[in-house]
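Reading through the structure tokens given below for one structure.
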Amino acid sequence: MDTEKKRYYISVSHHLIQDVPHDSAEFEVMMTEAEMSKLKDKLEDLNQEDENTFKRAFIPFKSADHDEAPQEYNDKLIDVYAYLHEIGDEHTKRTIEGMNILGKMQHTDYNNEGYDDSPFNK
């Protein structure tokens, strides 16, 4: 098994892993082939959940609050960021921590502070 790390440029929003810099790269990560393969699988899972959530968006009688598709997408997104945080360098870890996404996405209860004046808090 190859344990040599190579530099990759990651775009979570575009579900991309490339070995050359690109404008949409959000993270620069050193990974082994095994880590890259695992991240690729996680991004494919995220892409599938993105498609499922998109398909569900057009069902007018299905409230997003009671639909499992957005939660499943959030779970996959958290998984990708958590993995990048795990394998990333200090800069990547600080960037993800600065996004404050890992904790927020795990606690999406409408009763949390910040939803008080929201028209969606019914």
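In the structure tokens, each chain is lettered A, B, ... as it comes, each chain's residues begin at 1, and ligands are numbered from 1 in order of appearance.
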
Please identify all polymer residues within 12 Å of Arg94 (chain A), counting only C-alpha atoms, omitting same-chain residues fewer than 4 positions from it, and present them as a PDB file with N, CA, C and O atoms, in the first residue's frame.
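Listing of selection.pdb after writing:
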ATOM      1  N   PHE A  27      -9.689  23.772  -0.223  1.00  0.00           N
ATOM      2  CA  PHE A  27      -8.682  23.209   0.673  1.00  0.00           C
ATOM      3  C   PHE A  27      -7.532  22.623  -0.123  1.00  0.00           C
ATOM      4  O   PHE A  27      -7.719  22.105  -1.218  1.00  0.00           O
ATOM      5  N   TYR A  81     -16.479  17.170   5.858  1.00  0.00           N
ATOM      6  CA  TYR A  81     -15.691  18.169   6.584  1.00  0.00           C
ATOM      7  C   TYR A  81     -14.943  17.547   7.760  1.00  0.00           C
ATOM      8  O   TYR A  81     -13.794  17.906   8.032  1.00  0.00           O
ATOM      9  N   LEU A  84     -11.923  15.771   6.288  1.00  0.00           N
ATOM     10  CA  LEU A  84     -10.900  16.744   5.900  1.00  0.00           C
ATOM     11  C   LEU A  84     -10.204  17.310   7.138  1.00  0.00           C
ATOM     12  O   LEU A  84      -8.996  17.523   7.134  1.00  0.00           O
ATOM     13  N   HIS A  85     -10.965  17.531   8.183  1.00  0.00           N
ATOM     14  CA  HIS A  85     -10.388  18.024   9.437  1.00  0.00           C
ATOM     15  C   HIS A  85      -9.430  16.983  10.013  1.00  0.00           C
ATOM     16  O   HIS A  85      -8.354  17.321  10.504  1.00  0.00           O
ATOM     17  N   GLU A  86      -9.798  15.723   9.921  1.00  0.00           N
ATOM     18  CA  GLU A  86      -8.973  14.630  10.451  1.00  0.00           C
ATOM     19  C   GLU A  86      -7.646  14.498   9.700  1.00  0.00           C
ATOM     20  O   GLU A  86      -6.593  14.340  10.313  1.00  0.00           O
ATOM     21  N   GLY A  88      -6.346  16.738   7.414  1.00  0.00           N
ATOM     22  CA  GLY A  88      -5.763  17.991   6.967  1.00  0.00           C
ATOM     23  C   GLY A  88      -4.622  18.487   7.842  1.00  0.00           C
ATOM     24  O   GLY A  88      -4.432  18.032   8.969  1.00  0.00           O
ATOM     25  N   ASP A  89      -3.894  19.434   7.297  1.00  0.00           N
ATOM     26  CA  ASP A  89      -2.827  20.074   8.066  1.00  0.00           C
ATOM     27  C   ASP A  89      -3.450  21.110   9.009  1.00  0.00           C
ATOM     28  O   ASP A  89      -4.672  21.274   9.059  1.00  0.00           O
ATOM     29  N   GLU A  90      -2.613  21.810   9.733  1.00  0.00           N
ATOM     30  CA  GLU A  90      -3.114  22.784  10.709  1.00  0.00           C
ATOM     31  C   GLU A  90      -3.940  23.877  10.041  1.00  0.00           C
ATOM     32  O   GLU A  90      -4.948  24.313  10.587  1.00  0.00           O
ATOM     33  N   GLY A  98     -12.831  27.398  11.857  1.00  0.00           N
ATOM     34  CA  GLY A  98     -13.288  28.774  11.697  1.00  0.00           C
ATOM     35  C   GLY A  98     -14.642  28.875  11.023  1.00  0.00           C
ATOM     36  O   GLY A  98     -15.384  29.832  11.236  1.00  0.00           O
ATOM     37  N   MET A  99     -14.962  27.883  10.211  1.00  0.00           N
ATOM     38  CA  MET A  99     -16.270  27.845   9.566  1.00  0.00           C
ATOM     39  C   MET A  99     -17.357  27.543  10.590  1.00  0.00           C
ATOM     40  O   MET A  99     -18.524  27.838  10.358  1.00  0.00           O
ATOM     41  N   ASN A 100     -16.966  26.930  11.681  1.00  0.00           N
ATOM     42  CA  ASN A 100     -17.878  26.560  12.762  1.00  0.00           C
ATOM     43  C   ASN A 100     -19.027  25.700  12.240  1.00  0.00           C
ATOM     44  O   ASN A 100     -20.153  25.800  12.701  1.00  0.00           O
ATOM     45  N   ILE A 101     -18.731  24.892  11.257  1.00  0.00           N
ATOM     46  CA  ILE A 101     -19.766  24.096  10.597  1.00  0.00           C
ATOM     47  C   ILE A 101     -20.020  22.756  11.278  1.00  0.00           C
ATOM     48  O   ILE A 101     -21.142  22.277  11.293  1.00  0.00           O
TER      49      ILE A 101
END

message = Which residues are near Ala25 (chain A)? Cut-off 6 Å, only C-alpha atoms, ignore same chain within fewer than 6 positions. Put them as a ChimeraX atom specification.
response = /A:9-11

Alpha helix (DSSP H) call set, DSSP backbone run, region 14-89 of chain A, as a PyMOL selection string = chain A and resi 33-56+68-87
